[in-house]
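Structure file target.txt (compact mmCIF, C-alpha atoms) is printed below.
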```txt
# COMPACT_ATOMS: atom_id res chain seq x y z
CA MET P 1113 -26.42 11.22 -48.02
CA ARG P 1114 -26.79 9.50 -51.36
CA LYS P 1115 -25.38 6.23 -50.12
CA GLY P 1116 -25.14 4.34 -53.39
CA ILE P 1117 -23.41 7.15 -55.25
CA ILE P 1118 -20.83 7.82 -52.55
CA LEU P 1119 -20.08 4.12 -51.99
CA ALA P 1120 -19.50 3.59 -55.70
CA LEU P 1121 -17.32 6.70 -55.82
CA ALA P 1122 -15.18 5.59 -52.88
CA ILE P 1123 -14.40 2.22 -54.44
CA SER P 1124 -13.78 3.60 -57.93
CA LEU P 1125 -11.26 6.13 -56.58
CA ILE P 1126 -8.77 3.29 -56.19
CA PHE P 1127 -8.35 2.79 -59.90
CA THR P 1128 -9.51 5.95 -61.63
CA LYS P 1129 -8.68 9.61 -61.96
CA PHE P 1130 -11.40 11.90 -60.69
CA TYR P 1131 -12.04 13.68 -63.94
CA SER P 1132 -12.04 11.19 -66.79
CA GLN P 1133 -15.42 9.49 -66.98
CA GLU P 1134 -15.66 9.67 -70.78
CA ALA P 1135 -12.05 9.85 -71.95
CA GLN P 1136 -10.63 7.22 -74.28
CA ASN P 1137 -7.23 6.23 -72.94
CA THR P 1138 -6.59 7.91 -69.61
CA ILE P 1139 -3.83 6.88 -67.24
CA THR P 1140 -5.07 5.88 -63.80
CA THR P 1141 -3.24 5.43 -60.49
CA ALA P 1142 -3.78 4.59 -56.87
CA ALA P 1143 -4.18 7.49 -54.39
CA PRO P 1144 -5.02 10.15 -57.00
CA PHE P 1145 -5.84 12.59 -54.18
CA LEU P 1146 -2.10 13.35 -54.12
CA LEU P 1147 -2.53 15.35 -57.34
CA ILE P 1148 -5.32 17.62 -56.10
CA ALA P 1149 -4.23 21.25 -55.85
CA PRO P 1150 -4.69 22.04 -52.16
CA ASP P 1151 -4.59 25.85 -52.01
CA ALA P 1152 -6.81 28.60 -53.34
CA ARG P 1153 -3.95 30.80 -54.57
CA ALA P 1154 -2.86 28.15 -57.08
CA GLY P 1155 -6.53 27.30 -57.66
CA GLY P 1156 -7.16 30.85 -58.86
CA MET P 1157 -4.39 30.56 -61.48
CA GLY P 1158 -5.44 27.35 -63.23
CA ASP P 1159 -3.98 25.02 -60.58
CA ILE P 1160 -0.34 25.99 -61.14
CA GLY P 1161 2.43 26.60 -58.63
CA VAL P 1162 5.74 24.98 -59.56
CA ALA P 1163 7.32 28.32 -60.54
CA THR P 1164 5.17 30.93 -58.79
CA SER P 1165 6.58 32.97 -55.92
CA PRO P 1166 7.00 31.10 -52.60
CA ASP P 1167 4.15 30.86 -50.12
CA ALA P 1168 3.01 28.68 -47.21
CA ASN P 1169 1.66 25.96 -49.55
CA SER P 1170 4.76 25.50 -51.70
CA GLN P 1171 5.23 21.98 -50.31
CA HIS P 1172 2.73 20.50 -52.79
CA TRP P 1173 4.13 22.35 -55.79
CA ASN P 1174 7.87 22.75 -55.30
CA ALA P 1175 9.54 22.55 -51.89
CA SER P 1176 12.67 24.25 -53.28
CA LYS P 1177 10.78 27.55 -53.18
CA PHE P 1178 10.99 27.63 -49.38
CA ALA P 1179 14.69 28.59 -49.64
CA PHE P 1180 13.45 31.91 -51.14
CA MET P 1181 10.61 32.42 -48.66
CA PRO P 1182 10.63 36.07 -47.49
CA SER P 1183 9.57 35.35 -43.88
CA GLN P 1184 11.22 33.15 -41.27
CA PHE P 1185 8.05 31.16 -40.52
CA SER P 1186 4.92 30.47 -42.54
CA VAL P 1187 1.78 28.50 -41.64
CA GLY P 1188 -0.90 27.52 -44.14
CA ILE P 1189 -4.40 26.07 -43.72
CA VAL P 1190 -6.39 24.85 -46.74
CA TYR P 1191 -9.95 23.66 -47.33
CA THR P 1192 -11.46 22.45 -50.63
CA PRO P 1193 -15.03 21.07 -50.77
CA TRP P 1194 -15.27 18.13 -53.16
CA LEU P 1195 -18.28 17.03 -55.22
CA ARG P 1196 -20.34 19.72 -53.54
CA GLU P 1197 -23.22 19.20 -55.99
CA LEU P 1198 -23.62 15.60 -54.77
CA THR P 1199 -22.77 15.69 -51.07
CA ASN P 1200 -21.68 18.06 -48.32
CA ASP P 1201 -19.17 15.97 -46.37
CA VAL P 1202 -16.44 15.14 -48.90
CA PHE P 1203 -13.49 17.53 -48.76
CA LEU P 1204 -9.74 17.99 -48.97
CA GLY P 1205 -8.10 19.77 -46.06
CA GLY P 1206 -4.67 20.23 -44.62
CA PHE P 1207 -2.03 22.42 -43.09
CA SER P 1208 1.62 23.25 -43.63
CA PHE P 1209 4.46 24.77 -41.64
CA ALA P 1210 7.69 26.15 -43.11
CA ASN P 1211 10.79 27.51 -41.42
CA ARG P 1212 13.51 29.36 -43.31
CA ILE P 1213 16.52 28.42 -41.22
CA ASP P 1214 18.93 30.98 -42.65
CA ASP P 1215 19.72 32.80 -45.89
CA ARG P 1216 20.38 29.52 -47.72
CA SER P 1217 18.11 26.78 -46.37
CA ALA P 1218 14.63 25.91 -45.13
CA TRP P 1219 12.58 22.96 -43.94
CA ALA P 1220 8.83 22.35 -44.03
CA THR P 1221 6.17 19.82 -43.17
CA SER P 1222 2.58 19.40 -44.32
CA LEU P 1223 -0.47 17.20 -43.95
CA LYS P 1224 -3.04 16.59 -46.70
CA TYR P 1225 -6.27 14.86 -45.62
CA PHE P 1226 -8.95 13.67 -48.06
CA ASN P 1227 -12.22 12.80 -46.34
CA LEU P 1228 -14.68 10.73 -48.40
CA GLY P 1229 -17.54 11.36 -46.02
CA GLN P 1230 -19.78 9.06 -44.04
CA ILE P 1231 -21.32 6.02 -45.73
CA ASP P 1232 -24.44 4.56 -44.14
CA LEU P 1233 -24.76 0.90 -45.08
CA THR P 1234 -28.07 -0.95 -45.35
CA ASP P 1235 -29.14 -4.44 -46.36
CA ILE P 1236 -31.47 -5.21 -49.28
CA ASN P 1237 -34.46 -4.41 -47.06
CA GLY P 1238 -33.10 -1.02 -46.02
CA ALA P 1239 -32.21 -2.05 -42.48
CA PRO P 1240 -29.09 -0.28 -41.11
CA GLU P 1241 -25.89 -2.32 -41.16
CA GLY P 1242 -23.39 0.19 -39.85
CA THR P 1243 -21.51 3.31 -40.83
CA GLU P 1244 -18.14 3.72 -42.53
CA LYS P 1245 -15.87 6.75 -42.76
CA LEU P 1246 -13.30 6.43 -45.54
CA ASN P 1247 -10.26 8.66 -45.85
CA GLU P 1248 -6.80 9.11 -47.32
CA PHE P 1249 -3.94 11.27 -46.11
CA SER P 1250 -0.29 12.09 -46.66
CA LEU P 1251 2.26 13.47 -44.21
CA ASP P 1252 5.56 14.84 -45.49
CA ALA P 1253 8.70 16.76 -44.60
CA SER P 1254 11.10 18.60 -46.89
CA TYR P 1255 14.49 20.30 -46.89
CA SER P 1256 15.57 22.89 -49.44
CA LEU P 1257 18.99 24.46 -50.01
CA LYS P 1258 20.22 27.32 -52.16
CA LEU P 1259 23.04 26.17 -54.42
CA SER P 1260 23.55 29.74 -55.63
CA GLU P 1261 21.93 33.12 -55.12
CA THR P 1262 19.34 32.29 -57.78
CA TYR P 1263 18.86 28.50 -57.67
CA ALA P 1264 17.75 26.02 -55.00
CA MET P 1265 16.97 22.32 -54.85
CA GLY P 1266 14.77 20.39 -52.46
CA VAL P 1267 13.86 16.88 -51.40
CA THR P 1268 10.60 15.75 -49.77
CA MET P 1269 9.87 12.50 -47.94
CA ARG P 1270 6.19 11.50 -47.86
CA TYR P 1271 4.14 8.90 -45.98
CA ILE P 1272 0.87 7.94 -47.70
CA ARG P 1273 -2.12 6.06 -46.29
CA SER P 1274 -5.23 5.21 -48.30
CA ASP P 1275 -8.04 3.46 -46.44
CA LEU P 1276 -10.99 2.75 -48.73
CA GLY P 1277 -12.15 -0.63 -47.42
CA ILE P 1278 -15.69 -1.19 -46.15
CA GLU P 1279 -15.05 -3.37 -43.09
CA SER P 1280 -18.68 -3.97 -42.16
CA ALA P 1281 -19.39 -5.11 -45.74
CA ASN P 1282 -16.58 -7.70 -45.62
CA SER P 1283 -14.66 -5.78 -48.26
CA THR P 1284 -11.50 -7.32 -49.75
CA ILE P 1285 -9.99 -3.86 -50.10
CA GLN P 1286 -7.08 -3.37 -47.70
CA PRO P 1287 -5.57 -0.09 -46.46
CA VAL P 1288 -2.44 1.01 -48.31
CA ASN P 1289 0.61 2.34 -46.49
CA THR P 1290 3.61 3.47 -48.51
CA PHE P 1291 6.34 6.07 -48.84
CA ALA P 1292 7.36 8.39 -51.67
CA VAL P 1293 9.94 11.07 -52.49
CA ASP P 1294 9.85 14.41 -54.34
CA ILE P 1295 12.86 15.98 -56.06
CA SER P 1296 12.56 19.62 -57.05
CA GLY P 1297 14.41 22.70 -58.22
CA TYR P 1298 13.59 26.41 -58.38
CA PHE P 1299 15.20 29.39 -60.11
CA GLN P 1300 14.50 33.01 -59.20
CA SER P 1301 16.49 35.74 -60.91
CA ASP P 1302 17.52 39.06 -59.43
CA GLU P 1303 15.28 41.99 -60.16
CA LYS P 1304 16.42 43.80 -63.32
CA ASN P 1305 15.35 46.88 -65.23
CA TYR P 1306 13.64 46.44 -68.60
CA GLY P 1307 13.07 50.07 -69.54
CA ASN P 1308 9.69 51.21 -68.21
CA PHE P 1309 9.48 48.45 -65.62
CA ASN P 1310 11.58 46.06 -63.57
CA GLY P 1311 11.26 42.31 -63.95
CA MET P 1312 12.11 38.96 -62.40
CA TRP P 1313 12.25 35.52 -64.06
CA ARG P 1314 11.17 32.33 -62.33
CA GLY P 1315 11.45 28.66 -63.27
CA GLY P 1316 10.85 25.37 -61.52
CA TYR P 1317 10.40 21.62 -61.76
CA ASN P 1318 9.21 18.90 -59.41
CA ILE P 1319 9.16 15.12 -59.81
CA SER P 1320 6.69 14.14 -57.11
CA ASN P 1321 5.47 10.89 -55.54
CA ILE P 1322 8.41 8.73 -56.62
CA GLY P 1323 7.62 5.46 -54.89
CA PRO P 1324 6.78 1.76 -55.21
CA LYS P 1325 3.60 0.24 -56.60
CA VAL P 1326 0.86 -0.62 -54.10
CA SER P 1327 -1.91 -3.19 -53.81
CA TYR P 1328 -5.37 -2.73 -52.29
CA THR P 1329 -6.20 -6.43 -52.38
CA ASP P 1330 -4.62 -9.76 -51.48
CA ASP P 1331 -4.62 -11.03 -55.07
CA GLY P 1332 -1.31 -9.32 -55.80
CA LEU P 1333 -2.67 -6.83 -58.35
CA GLU P 1334 -0.47 -3.74 -58.01
CA ASN P 1335 -1.13 -0.14 -59.00
CA PHE P 1336 1.26 2.74 -59.61
CA ILE P 1337 1.02 5.77 -57.35
CA PRO P 1338 0.79 9.12 -59.21
CA THR P 1339 4.44 9.89 -59.90
CA ASN P 1340 4.22 13.23 -61.69
CA LEU P 1341 6.47 15.71 -63.49
CA LYS P 1342 5.76 19.43 -63.16
CA ILE P 1343 7.79 21.98 -65.07
CA GLY P 1344 7.08 25.65 -65.60
CA GLY P 1345 8.22 29.22 -65.75
CA GLY P 1346 7.02 32.73 -65.16
CA PHE P 1347 7.87 36.42 -65.26
CA ASP P 1348 7.04 39.23 -62.83
CA PHE P 1349 6.33 42.65 -64.33
CA ILE P 1350 7.21 44.98 -61.46
CA LEU P 1351 5.53 48.17 -62.67
CA ASP P 1352 6.29 50.30 -59.63
CA THR P 1353 6.49 50.09 -55.85
CA PHE P 1354 2.83 49.13 -55.54
CA ASN P 1355 1.88 47.25 -58.70
CA LYS P 1356 3.12 43.86 -59.95
CA VAL P 1357 1.77 41.49 -62.60
CA SER P 1358 2.97 37.87 -62.76
CA VAL P 1359 2.35 35.50 -65.67
CA ASN P 1360 3.06 31.76 -65.49
CA LEU P 1361 2.98 28.69 -67.72
CA GLU P 1362 3.11 25.11 -66.41
CA PHE P 1363 3.19 21.60 -67.91
CA ASN P 1364 2.42 18.30 -66.15
CA LYS P 1365 2.86 14.65 -67.10
CA LEU P 1366 2.18 11.45 -65.18
CA LEU P 1367 5.31 9.29 -65.11
CA VAL P 1368 3.50 5.95 -65.11
CA PRO P 1369 2.93 3.53 -68.01
CA THR P 1370 0.20 4.23 -70.54
CA PRO P 1371 -2.45 1.47 -70.66
CA SER P 1372 -2.74 -0.82 -73.65
CA ILE P 1373 -5.81 -0.38 -75.86
CA SER P 1374 -5.70 -3.84 -77.44
CA VAL P 1375 -8.92 -5.85 -77.18
CA ASN P 1376 -9.37 -9.32 -75.71
CA ASP P 1377 -11.41 -12.27 -77.01
CA ASP P 1378 -14.62 -10.60 -75.81
CA GLY P 1379 -13.95 -7.50 -77.90
CA GLU P 1380 -13.23 -5.40 -74.80
CA ALA P 1381 -10.19 -3.24 -74.07
CA PRO P 1382 -9.17 -4.05 -70.47
CA TYR P 1383 -7.05 -1.61 -68.53
CA VAL P 1384 -3.55 -3.14 -68.72
CA GLN P 1385 -0.31 -1.35 -67.87
CA ASP P 1386 3.19 -2.72 -68.45
CA ASP P 1387 4.24 -5.03 -65.62
CA VAL P 1388 7.39 -3.10 -64.68
CA GLY P 1389 8.79 -1.54 -61.52
CA PHE P 1390 8.11 2.09 -60.65
CA VAL P 1391 11.58 3.29 -61.74
CA SER P 1392 11.33 1.55 -65.12
CA GLY P 1393 7.79 2.85 -65.43
CA MET P 1394 8.97 6.44 -64.97
CA PHE P 1395 11.44 6.25 -67.85
CA SER P 1396 9.26 4.14 -70.16
CA SER P 1397 6.33 6.55 -69.68
CA PHE P 1398 7.95 8.90 -72.22
CA GLY P 1399 7.69 6.38 -75.05
CA ASP P 1400 5.08 3.70 -74.38
CA ALA P 1401 1.87 5.29 -75.67
CA PRO P 1402 0.10 3.02 -78.20
CA GLY P 1403 -0.42 6.00 -80.50
CA GLY P 1404 3.27 6.88 -80.60
CA PHE P 1405 4.82 10.31 -80.16
CA SER P 1406 1.61 12.19 -80.93
CA GLU P 1407 -0.16 10.42 -78.06
CA GLU P 1408 2.79 11.04 -75.73
CA LEU P 1409 2.41 14.77 -76.33
CA LYS P 1410 -1.28 14.52 -75.43
CA GLU P 1411 -0.30 13.16 -72.01
CA PHE P 1412 1.03 16.61 -71.09
CA THR P 1413 -1.47 18.97 -69.52
CA TRP P 1414 -0.78 22.69 -69.63
CA ALA P 1415 -2.04 25.69 -67.72
CA LEU P 1416 -1.71 29.46 -67.90
CA GLY P 1417 -2.08 31.70 -64.87
CA ALA P 1418 -1.77 35.37 -64.02
CA GLU P 1419 -1.73 37.35 -60.79
CA TYR P 1420 -2.04 41.09 -60.21
CA MET P 1421 -0.74 42.24 -56.84
CA TYR P 1422 -1.26 45.68 -55.32
CA ASP P 1423 1.03 46.75 -52.48
CA HIS P 1424 1.55 43.12 -51.40
CA SER P 1425 -1.91 43.27 -49.84
CA PHE P 1426 -4.53 42.66 -52.55
CA ALA P 1427 -4.43 40.18 -55.45
CA ILE P 1428 -6.62 39.29 -58.42
CA ARG P 1429 -5.93 36.01 -60.26
CA ALA P 1430 -7.10 34.16 -63.37
CA GLY P 1431 -6.10 30.97 -65.13
CA TYR P 1432 -6.90 28.27 -67.66
CA PHE P 1433 -6.18 24.52 -67.52
CA ASN P 1434 -6.21 22.22 -70.55
CA GLU P 1435 -6.01 18.44 -70.96
CA SER P 1436 -6.32 16.43 -74.18
CA ASP P 1437 -9.73 14.87 -74.90
CA LEU P 1438 -7.94 11.53 -75.22
CA LYS P 1439 -6.43 11.73 -71.74
CA GLY P 1440 -9.17 13.06 -69.51
CA ALA P 1441 -10.66 16.13 -71.23
CA ARG P 1442 -10.33 18.44 -68.23
CA LYS P 1443 -10.68 22.03 -69.38
CA TYR P 1444 -11.58 24.89 -67.07
CA PHE P 1445 -11.14 28.57 -66.28
CA THR P 1446 -10.43 29.84 -62.78
CA LEU P 1447 -10.73 33.13 -60.93
CA GLY P 1448 -9.37 34.06 -57.54
CA SER P 1449 -8.48 36.84 -55.16
CA GLY P 1450 -6.30 37.34 -52.13
CA PHE P 1451 -6.32 39.71 -49.19
CA LYS P 1452 -3.46 40.36 -46.78
CA PHE P 1453 -3.70 42.17 -43.45
CA LYS P 1454 -0.44 42.48 -41.55
CA SER P 1455 0.86 38.89 -41.34
CA THR P 1456 -2.39 37.13 -42.37
CA ARG P 1457 -3.46 36.28 -45.92
CA LEU P 1458 -6.80 34.90 -47.12
CA ASP P 1459 -7.13 33.44 -50.63
CA ILE P 1460 -10.32 32.40 -52.44
CA SER P 1461 -10.80 30.77 -55.84
CA TYR P 1462 -13.63 29.60 -58.09
CA LEU P 1463 -13.66 27.23 -61.09
CA PHE P 1464 -15.68 27.47 -64.34
CA ASN P 1465 -15.88 24.19 -66.22
CA ALA P 1466 -15.23 24.41 -69.98
CA SER P 1467 -15.62 20.72 -70.82
CA ASN P 1468 -18.40 18.19 -71.24
CA ILE P 1469 -16.72 16.14 -68.51
CA ASN P 1470 -18.08 16.91 -65.05
CA ASN P 1471 -15.59 18.53 -62.70
CA PRO P 1472 -15.81 17.84 -58.94
CA LEU P 1473 -15.02 21.50 -58.21
CA GLU P 1474 -17.84 23.05 -60.25
CA ASN P 1475 -19.74 25.76 -58.37
CA THR P 1476 -17.34 25.50 -55.44
CA LEU P 1477 -15.38 28.10 -53.49
CA ARG P 1478 -11.94 27.06 -52.24
CA PHE P 1479 -10.25 28.71 -49.28
CA SER P 1480 -6.69 29.10 -47.98
CA LEU P 1481 -5.40 30.93 -44.93
CA ALA P 1482 -1.73 31.74 -44.31
CA PHE P 1483 0.25 33.39 -41.53
CA ASP P 1484 3.78 34.77 -42.00
CA PHE P 1485 5.87 35.81 -39.02
CA GLY P 1486 9.40 36.00 -37.66
CA GLU P 1487 12.47 37.56 -39.25
CA LEU P 1488 12.20 38.99 -42.77
CA PHE P 1489 14.76 38.02 -45.40
CA GLU P 1490 15.93 40.21 -48.26
CA ILE P 1491 14.29 39.49 -51.62
CA HIS P 1492 16.81 39.86 -54.44
```
Can you give me the file's structure in the form of structure tokens?
Amino acid sequence: MRKGIILALAISLIFTKFYSQEAQNTITTAAPFLLIAPDARAGGMGDIGVATSPDANSQHWNASKFAFMPSQFSVGIVYTPWLRELTNDVFLGGFSFANRIDDRSAWATSLKYFNLGQIDLTDINGAPEGTEKLNEFSLDASYSLKLSETYAMGVTMRYIRSDLGIESANSTIQPVNTFAVDISGYFQSDEKNYGNFNGMWRGGYNISNIGPKVSYTDDGLENFIPTNLKIGGGFDFILDTFNKVSVNLEFNKLLVPTPSISVNDDGEAPYVQDDVGFVSGMFSSFGDAPGGFSEELKEFTWALGAEYMYDHSFAIRAGYFNESDLKGARKYFTLGSGFKFKSTRLDISYLFNASNINNPLENTLRFSLAFDFGELFEIH
């Protein structure tokens, strides 16, 4: 274990996004692990999922999709190694369970666990002073309801705990416990004929992690949690009974205040956000960038993803994710595949970095496992 590197990482996670070491005016939040794409299916399509077809891991992306889930029950298990080039014990894992109650409604629950590994502490002479295991997790439950044959809405309640304090080092960092809400919607058209092929339109949105500001210390300094807007759409080209190609486009924006870039008396630009409540911060986030409207547009990330499916049993996926150089400079390509045998599906994805900014998922395979069972519902 590279103790110094991991300890510095664990503390810096409180205030920084994972990806933006060299960016100029990034927006940072507490508990950024909430934004990490948990599943390999989405990971193979550029980390998108707000408007893709429903699956076991829809809870993170858009809980409304569960109302269109084809099976009565679905269970998902995810595992994503993190910073694999530096250490082997930091990872994101979790599980989900969804139940489509009837033709109109569904409920689901999921757990996301981010393990920051073991930190061995030593004094200045190298003598052992104890071991710490830092972690963060969220536990949530959702309910989704069809308001028509083609449109559903959902709400998610989430408990969040972030424990990054080093007790044996007399750290002033305190565990954070808070709650948040997601509000989402999902549209899925009926299958229609377009000449040589049939097609289906999809659209979705999700405002996630709506909740109060939190503080890791006793000095009263508060940080926003990563309230985030996802919006996207897609189209399924249903070529025949066995072959389907889906294309998707998704946009994301953090709904928290943009930091000021004004300098202080020392000539430095401290990280300062507007001192407003989380609700005011959500609305003001669309017009508070120091650079005006052009900078606001740069706060949107976008991603393209595609999936080819053969006979509902084999999938090939590809995607691209882009973020402005001013706001984090994440840019990467992804590839993935999926295999289904009876009621079990295995998904794998891989990321290719296309930026000068290091990505914690470089040279890393991500895995997801899903099980669908119970009654089958008609897909319109």
- request: Between P:Lys1410, P:Arg1196, P:His1172, P:Lys1443, single out the one closest to Ile1295 (chain P), counting only C-alpha atoms.
  value: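 Under the stated criterion, the closest residue is P:His1172.
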- prompt: So, counting all atoms listed in the file, which residue among P:Arg1429, P:Lys1452, P:Lys1342, P:Lys1325 is closest to Trp1414 (chain P)?
  reply: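 Of P:Arg1429, P:Lys1452, P:Lys1342, P:Lys1325, the one nearest Trp1414 (chain P) is P:Lys1342, counting all atoms listed in the file.
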- prompt: By how many Å are CA of Met1265 (chain P) and CA of Ser1176 (chain P) apart?
  reply: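 Taking CA of Met1265 (chain P) as the start and CA of Ser1176 (chain P) as the end point, the length is 5.0 Å.
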message: If we count all atoms listed in the file and set the cut-off at 9 Å, which residues sit around region 1155-1165 of chain P, ignoring sequence neighbours fewer than 4 positions away in its own chain? Please answer as a ChimeraX atom specification.
response: /P:1148-1151,1170,1172-1175,1177,1180-1181,1298-1300,1314-1318,1342-1347,1358-1363,1415-1419,1428-1434,1444-1449,1459-1463,1478
Output for the residues just chosen: C-alpha atoms as a short mmCIF file (atom, residue, chain, number, x, y, z; two decimals), in the frame of the given file:
```cif
data_model
loop_
_atom_site.label_atom_id
_atom_site.label_comp_id
_atom_site.auth_asym_id
_atom_site.auth_seq_id
_atom_site.Cartn_x
_atom_site.Cartn_y
_atom_site.Cartn_z
CA ILE P 1148 -5.32 17.62 -56.10
CA ALA P 1149 -4.23 21.25 -55.85
CA PRO P 1150 -4.69 22.04 -52.16
CA ASP P 1151 -4.59 25.85 -52.01
CA SER P 1170 4.76 25.50 -51.70
CA HIS P 1172 2.73 20.50 -52.79
CA TRP P 1173 4.13 22.35 -55.79
CA ASN P 1174 7.87 22.75 -55.30
CA ALA P 1175 9.54 22.55 -51.89
CA LYS P 1177 10.78 27.55 -53.18
CA PHE P 1180 13.45 31.91 -51.14
CA MET P 1181 10.61 32.42 -48.66
CA TYR P 1298 13.59 26.41 -58.38
CA PHE P 1299 15.20 29.39 -60.11
CA GLN P 1300 14.50 33.01 -59.20
CA ARG P 1314 11.17 32.33 -62.33
CA GLY P 1315 11.45 28.66 -63.27
CA GLY P 1316 10.85 25.37 -61.52
CA TYR P 1317 10.40 21.62 -61.76
CA ASN P 1318 9.21 18.90 -59.41
CA LYS P 1342 5.76 19.43 -63.16
CA ILE P 1343 7.79 21.98 -65.07
CA GLY P 1344 7.08 25.65 -65.60
CA GLY P 1345 8.22 29.22 -65.75
CA GLY P 1346 7.02 32.73 -65.16
CA PHE P 1347 7.87 36.42 -65.26
CA SER P 1358 2.97 37.87 -62.76
CA VAL P 1359 2.35 35.50 -65.67
CA ASN P 1360 3.06 31.76 -65.49
CA LEU P 1361 2.98 28.69 -67.72
CA GLU P 1362 3.11 25.11 -66.41
CA PHE P 1363 3.19 21.60 -67.91
CA ALA P 1415 -2.04 25.69 -67.72
CA LEU P 1416 -1.71 29.46 -67.90
CA GLY P 1417 -2.08 31.70 -64.87
CA ALA P 1418 -1.77 35.37 -64.02
CA GLU P 1419 -1.73 37.35 -60.79
CA ILE P 1428 -6.62 39.29 -58.42
CA ARG P 1429 -5.93 36.01 -60.26
CA ALA P 1430 -7.10 34.16 -63.37
CA GLY P 1431 -6.10 30.97 -65.13
CA TYR P 1432 -6.90 28.27 -67.66
CA PHE P 1433 -6.18 24.52 -67.52
CA ASN P 1434 -6.21 22.22 -70.55
CA TYR P 1444 -11.58 24.89 -67.07
CA PHE P 1445 -11.14 28.57 -66.28
CA THR P 1446 -10.43 29.84 -62.78
CA LEU P 1447 -10.73 33.13 -60.93
CA GLY P 1448 -9.37 34.06 -57.54
CA SER P 1449 -8.48 36.84 -55.16
CA ASP P 1459 -7.13 33.44 -50.63
CA ILE P 1460 -10.32 32.40 -52.44
CA SER P 1461 -10.80 30.77 -55.84
CA TYR P 1462 -13.63 29.60 -58.09
CA LEU P 1463 -13.66 27.23 -61.09
CA ARG P 1478 -11.94 27.06 -52.24
#
```
task: Please measure the separation of CA of Leu1341 (chain P) and CA of Phe1145 (chain P), giving the value in Å to one decimal.
output: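 Those two atoms sit 15.7 Å apart.
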Interatomic distance, CA of Leu1257 (chain P) to CA of Asp1167 (chain P) (Å, one decimal):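 Result for CA of Leu1257 (chain P) versus CA of Asp1167 (chain P): 16.2 Å, one decimal.
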- prompt: Using all atoms listed in the file, what residues lie at most 8 Å away from (1.1, 4.9, -48.0) (file coordinates), given as a PyMOL selection string?
  reply: chain P and resi 1250+1271-1274+1288-1291
For Ile1231 (chain P), the nearest of the candidates P:Ala1401, P:Leu1276, P:Val1267, P:Ile1213, counting only C-alpha atoms: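 Residue with the minimum atom-to-atom distance to Ile1231 (chain P): P:Leu1276.
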query: Got a sec: who's within 7 Å of Ile1285 (chain P), counting only C-alpha atoms, leaving out chain neighbours fewer than 2 positions off, as a ChimeraX atom specification?
result: /P:1276-1277,1283,1287,1328-1329
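With distances restricted to all atoms listed in the file, P:Ser1186 is the closest residue to Thr1456 (chain P) from P:Asn1200, P:Ser1406, P:Ser1186, P:Thr1192.
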Counting only C-alpha atoms, the residue of P:Asn1471, P:Gln1171, P:Thr1138, P:Ser1455 that sits nearest Ser1372 (chain P):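 Of the candidates, the smallest distance to Ser1372 (chain P) is held by P:Thr1138.
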field: Among listed residues P:Thr1141, P:Glu1408, P:Trp1194, P:Arg1216, nearest Phe1390 (chain P) (using only C-alpha atoms)
entry: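 Checking each of P:Thr1141, P:Glu1408, P:Trp1194, P:Arg1216 against Phe1390 (chain P), counting only C-alpha atoms, the winner is P:Thr1141.
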Centre, x/y/z edge lengths, axis-aligned box for region 1401-1407 of chain P with 4 Å per side, as AutoDock Vina command-line options:
```
--center_x 2.2 --center_y 7.6 --center_z -78.3 --size_x 13.2 --size_y 17.2 --size_z 13.3
```
Residues within 6 Å of (7.9, 13.9, -50.4), counting only C-alpha atoms, listed as an NGL selection string: :P and (1252 or 1268-1270 or 1292-1294)
field: Nearby residues (all atoms listed in the file) at most 10 Å from Asn1310 (chain P), same-chain spacing under 6 positions excluded, as a PyMOL selection string
entry: chain P and resi 1303-1304+1348-1352+1356
